[in-house]
Protein chains: 2
Amino acid sequence: MESSALCTTCLYEAPLFQGLANNELDYLSQFTSERISKKGEMVVHEGDAITHLSFLKKGLLKLYTGSNDGKGQIISLAKPNDCVGLLSVFSTPNYHYSMNAIEDSWLCHVMMEPVKEVLRRNGDFGITILARVSKAADFIIQHNLELSRLHLRGRIAYILLDFSENIYNSLSFELPVSRKEIGELIGMTTENVIRILSEFRRDELITISNKTITIWNVEMLRRISKSG
Amino acid sequence: MESSALCTTCLYEAPLFQGLANNELDYLSQFTSERISKKGEMVVHEGDAITHLSFLKKGLLKLYTGSNDGKGQIISLAKPNDCVGLLSVFSTPNYHYSMNAIEDSWLCHVMMEPVKEVLRRNGDFGITILARVSKAADFIIQHNLELSRLHLRGRIAYILLDFSENIYNSLSFELPVSRKEIGELIGMTTENVIRILSEFRRDELITISNKTITIWNVEMLRRISKSG
DNA sequence: CGCGGCTTTGATGTTCATCAAGTAAAGTGG
DNA sequence: CCACTTTACTTGATGAACATCAAAGCCGCG
């Protein structure tokens with residue numbers, strides 16, 4: 001079930017739009033709407049036209065491509081305050097990946113044309129967006145580079161720390177994704193995800209209770225995530 | 001040996017600056033200089049301050065990080081008309097990778113401050129740059145995604161086609177990089193790069209004469225680069 | 001209840017990195 | 001210019017890392 005409503009205050013709180021004048025924010029707010037997607041719902045289908053600039057207010061999304069051979073690949077997760085699709089919105093008319101809510105998610109959509117209008121008048125806004133795009137790209141590229149030089153143990157350590165530090169800010173958290181999805185995110189099979197989580201449990205680095213993971217030995221995990 | 005000189009016409013020819021008015025181009029040209037780097041020379045050291053927006057007029061560069069364990073990783077190659085460092089220039093004050101000329105290279109450098117000055121006044125220029133940044137990021141991310149799901153044979157096929165189609169526009173070309181560098185670029189060992197090139201030669205997909213590669217069976221290479 | 005999807009563990013085979021050893025090419029100093 | 005060192009290239013043999021296959025338990029859901 002999706003619901004949609006105009007929202008007048010979102011833009012004032014979103015980091016991306018800091019620096020805009022009140023009249024610009026009011027102008028854009030006219031073209032801004034909020035949509036709630038429940039866990040499991042598709043947010044964007046690969047190939048959809050990109051008509052809005054969207055940012056996540058609350059929740060968690062996965063960006064992925066359904067590849068040819070049935071093996072999905074998750075490109076990245078989007079967390080609150082991320083501008084989903086920011087990387088594509090200025091370069092291509094259509095999404096070339098899909099998005100799916102892995103937690104109930106609140107998304108704010110601003111129509112592209114008015115955004116471009118403001119961009120044309122306000123060059124500083126352009127510089128702000130450039131910085132954001134640039135950082136987002138850097139992050140993904142760096143991420144890929146790190147993961148590709150790690151063995152399986154290192155990758156699992158890396159992703160656990162990522163959840164702990166960047167998403168949940170806690171040493172104990174409920175995994176929002178299945179073992180299979182973790183595999184798709186960091187490039188390994190479901191079986192090996194499980195195997196290595198079990199190893200970490202045996203080595204008393206973490207405890208696992210169904211979907212809940214608690215990290216007990218952060219230091220060791222960090223070491224594994226760097227050189228493992 | 002590096003040489004440096006003011007250049008007045010570069011900007012008028014660079015795709016990135018199409019759309020700027022003549023007075024803007026003249027203004028920026030005051031802050032533009034050309035530098036030639038000979039094959040093998042460092043262009044940027046990891047950690048250098050980013051003071052200019054640079055684009056490659058002629059030649060070929062490699063962008064790479066020297067990783068901890070001695071295993072270098074090549075992030076990407078830059079070819080003519082690429083804006084090297086465009087991905088970083090708006091988000092970080094320092095390069096976090098190095099650049100090295102793998103062919104004699106002509107680079108044009110425009111000082112960042114004047115560029116930002118023009119950006120502030122001319123929002124459309126911002127949109128143009130956004131599109132470029134976005135495309136560049138997309139390309140690298142897509143590239144990584146493809147490579148990571150391919151076996152070694154697929155990766156070699158992929159990189160050979162990349163050289164052939166995107167850099168040299170010819171089925172016969174001289175490899176600008178060593179076998180070792182190919183390995184660093186697509187994540188495999190030198191020995192396996194060689195082994196698989198030899199396989200392709202045995203299978204009569206290509207011929208190899210020292211550094212010169214000639215592709216005879218594009219179709220098969222293409223098939224291998226997709227599903228191999 | 002029974003079905004399908006997620007999880008778990010073990011056994012097996014493939015892919016690939018590592019090691020070793022040798023040839024060719026390219027730079028270096030006398 | 002030639003011995004000398006170094007660097008790039010090449011091939012084979014071995015072992016480690018990892019995917020695949022198989023089988024079984026678990027849980028939610030119609």
# chains A, B, ... in the order shown; residues from 1 in each chain; ligands from 1
>>> interface_residues(of="chain B", to="chain D", cutoff="10 Å", atoms="only C-alpha atoms (C1' of nucleotides)", output="ChimeraX atom specification")
/B:178-180,190-191,194-195,198,210
>>> write_last_selection(atoms="C-alpha atoms", output="PDB file, in the first residue's frame")
ATOM      1  CA  SER B 178      51.881  -4.165 -18.670  1.00  0.00           C
ATOM      2  CA  ARG B 179      50.303  -7.526 -17.870  1.00  0.00           C
ATOM      3  CA  LYS B 180      50.734  -6.651 -14.237  1.00  0.00           C
ATOM      4  CA  THR B 190      49.743 -11.218 -13.494  1.00  0.00           C
ATOM      5  CA  GLU B 191      50.199 -14.923 -14.143  1.00  0.00           C
ATOM      6  CA  ILE B 194      49.133 -14.053 -19.213  1.00  0.00           C
ATOM      7  CA  ARG B 195      47.626 -17.523 -19.039  1.00  0.00           C
ATOM      8  CA  SER B 198      47.594 -17.331 -24.151  1.00  0.00           C
ATOM      9  CA  ASN B 210      54.683  -8.558 -27.829  1.00  0.00           C
TER      10      ASN B 210
END
>>> residues_around(residues="Ser209 of chain A", least_positions_apart="4", cutoff="10 Å", atoms="only C-alpha atoms (C1' of nucleotides)", output="list in words")
Glu174, Ile213 and Thr214 of chain A
>>> write_last_selection(atoms="C-alpha atoms", output="PDB file, in the first residue's frame")
ATOM      1  CA  GLU A 174      18.387  -6.461  13.917  1.00  0.00           C
ATOM      2  CA  ILE A 213      23.312  -9.551  15.856  1.00  0.00           C
ATOM      3  CA  THR A 214      25.345  -8.322  18.796  1.00  0.00           C
TER       4      THR A 214
END
>>> residues_around(residues="Phe17 of chain A", least_positions_apart="5", cutoff="10 Å", atoms="only C-alpha atoms (C1' of nucleotides)", output="PyMOL selection string")
chain A and resi 10-12+24-25+125+128-129
>>> write_last_selection(atoms="N, CA and C atoms", output="PDB file, in the first residue's frame")
ATOM      1  N   CYS A  10       9.309  19.202   4.894  1.00  0.00           N
ATOM      2  CA  CYS A  10      10.442  18.323   4.616  1.00  0.00           C
ATOM      3  C   CYS A  10      11.680  19.088   4.189  1.00  0.00           C
ATOM      4  N   LEU A  11      11.512  19.931   3.187  1.00  0.00           N
ATOM      5  CA  LEU A  11      12.663  20.560   2.557  1.00  0.00           C
ATOM      6  C   LEU A  11      13.460  21.398   3.546  1.00  0.00           C
ATOM      7  N   TYR A  12      12.741  21.940   4.521  1.00  0.00           N
ATOM      8  CA  TYR A  12      13.422  22.788   5.488  1.00  0.00           C
ATOM      9  C   TYR A  12      14.373  21.980   6.378  1.00  0.00           C
ATOM     10  N   GLU A  24      12.836  30.273  -2.039  1.00  0.00           N
ATOM     11  CA  GLU A  24      13.144  29.137  -2.912  1.00  0.00           C
ATOM     12  C   GLU A  24      12.559  27.846  -2.338  1.00  0.00           C
ATOM     13  N   LEU A  25      12.680  27.691  -1.027  1.00  0.00           N
ATOM     14  CA  LEU A  25      12.134  26.500  -0.379  1.00  0.00           C
ATOM     15  C   LEU A  25      10.625  26.456  -0.520  1.00  0.00           C
ATOM     16  N   PHE A 125      23.702  26.570  -5.059  1.00  0.00           N
ATOM     17  CA  PHE A 125      22.943  25.339  -4.863  1.00  0.00           C
ATOM     18  C   PHE A 125      23.563  24.234  -5.717  1.00  0.00           C
ATOM     19  N   THR A 128      26.550  22.885  -4.019  1.00  0.00           N
ATOM     20  CA  THR A 128      26.150  21.991  -2.927  1.00  0.00           C
ATOM     21  C   THR A 128      25.806  20.607  -3.461  1.00  0.00           C
ATOM     22  N   ILE A 129      25.001  20.585  -4.498  1.00  0.00           N
ATOM     23  CA  ILE A 129      24.598  19.297  -5.059  1.00  0.00           C
ATOM     24  C   ILE A 129      25.800  18.558  -5.629  1.00  0.00           C
TER      25      ILE A 129
END
>>> select_by_dssp(residues="segment 84-116 of chain A", states="strand (DSSP E)", output="list in words")
Val84, Ser98, Met99, Asn100, Ala101, Ile102, Glu103, Asp104, Ser105, Trp106, Leu107, Cys108, His109, Val110 and Met111 of chain A
>>> interface_residues(of="chain B", to="chain C", cutoff="10 Å", atoms="only C-alpha atoms (C1' of nucleotides)", output="MDAnalysis selection string")
chainID B and resid 151:152 188:189 191:192
>>> closest_atom_pairs(of="chain A", to="chain B", cutoff="7 Å", atoms="only C-alpha atoms", output="CSV")
residue,atom,partner,partner_atom,distance
A:Leu87,CA,B:Ser134,CA,5.3
A:Ser88,CA,B:Ser134,CA,6.1
A:Phe90,CA,B:Ala131,CA,4.9
A:Ser91,CA,B:Ala131,CA,4.6
A:Leu119,CA,B:Gly123,CA,5.5
A:Arg120,CA,B:Gly123,CA,3.8
A:Arg121,CA,B:Gly123,CA,5.8
A:Asn122,CA,B:Gly123,CA,6.1
A:Gly123,CA,B:Arg120,CA,3.8
A:Asp124,CA,B:Arg120,CA,5.3
A:Gly126,CA,B:Gly126,CA,5.5
A:Leu130,CA,B:Phe90,CA,6.2
A:Ala131,CA,B:Ser91,CA,4.6
A:Ser134,CA,B:Leu87,CA,5.4
A:Lys135,CA,B:Ser91,CA,5.7
A:Ala137,CA,B:Ala137,CA,5.8
A:Ile141,CA,B:Ile141,CA,6.6
>>> select_by_dssp(residues="segment 58-149 of chain B", states="helix (DSSP H, G or I)", output="ChimeraX atom specification")
/B:86-89,112-121,123-148
>>> atom_distance(atom1="atom CA of Leu107 of chain B", atom2="atom CA of Ser33 of chain B")
8.4 Å
>>> residues_around(residues="Trp106 of chain A", least_positions_apart="3", cutoff="6 Å", atoms="only C-alpha atoms (C1' of nucleotides)", output="PDB file with N, CA and C atoms, in the first residue's frame")
ATOM      1  N   ARG A  35       5.829  10.052   0.098  1.00  0.00           N
ATOM      2  CA  ARG A  35       5.211   8.756  -0.138  1.00  0.00           C
ATOM      3  C   ARG A  35       5.762   7.740   0.841  1.00  0.00           C
ATOM      4  N   ILE A  36       4.876   6.918   1.364  1.00  0.00           N
ATOM      5  CA  ILE A  36       5.289   5.899   2.315  1.00  0.00           C
ATOM      6  C   ILE A  36       5.240   4.542   1.635  1.00  0.00           C
ATOM      7  N   LYS A  57      13.526   9.959   4.119  1.00  0.00           N
ATOM      8  CA  LYS A  57      13.415  10.606   5.433  1.00  0.00           C
ATOM      9  C   LYS A  57      13.600   9.592   6.547  1.00  0.00           C
ATOM     10  N   LYS A  58      13.060   8.410   6.324  1.00  0.00           N
ATOM     11  CA  LYS A  58      13.109   7.395   7.361  1.00  0.00           C
ATOM     12  C   LYS A  58      12.964   6.046   6.682  1.00  0.00           C
TER      13      LYS A  58
END
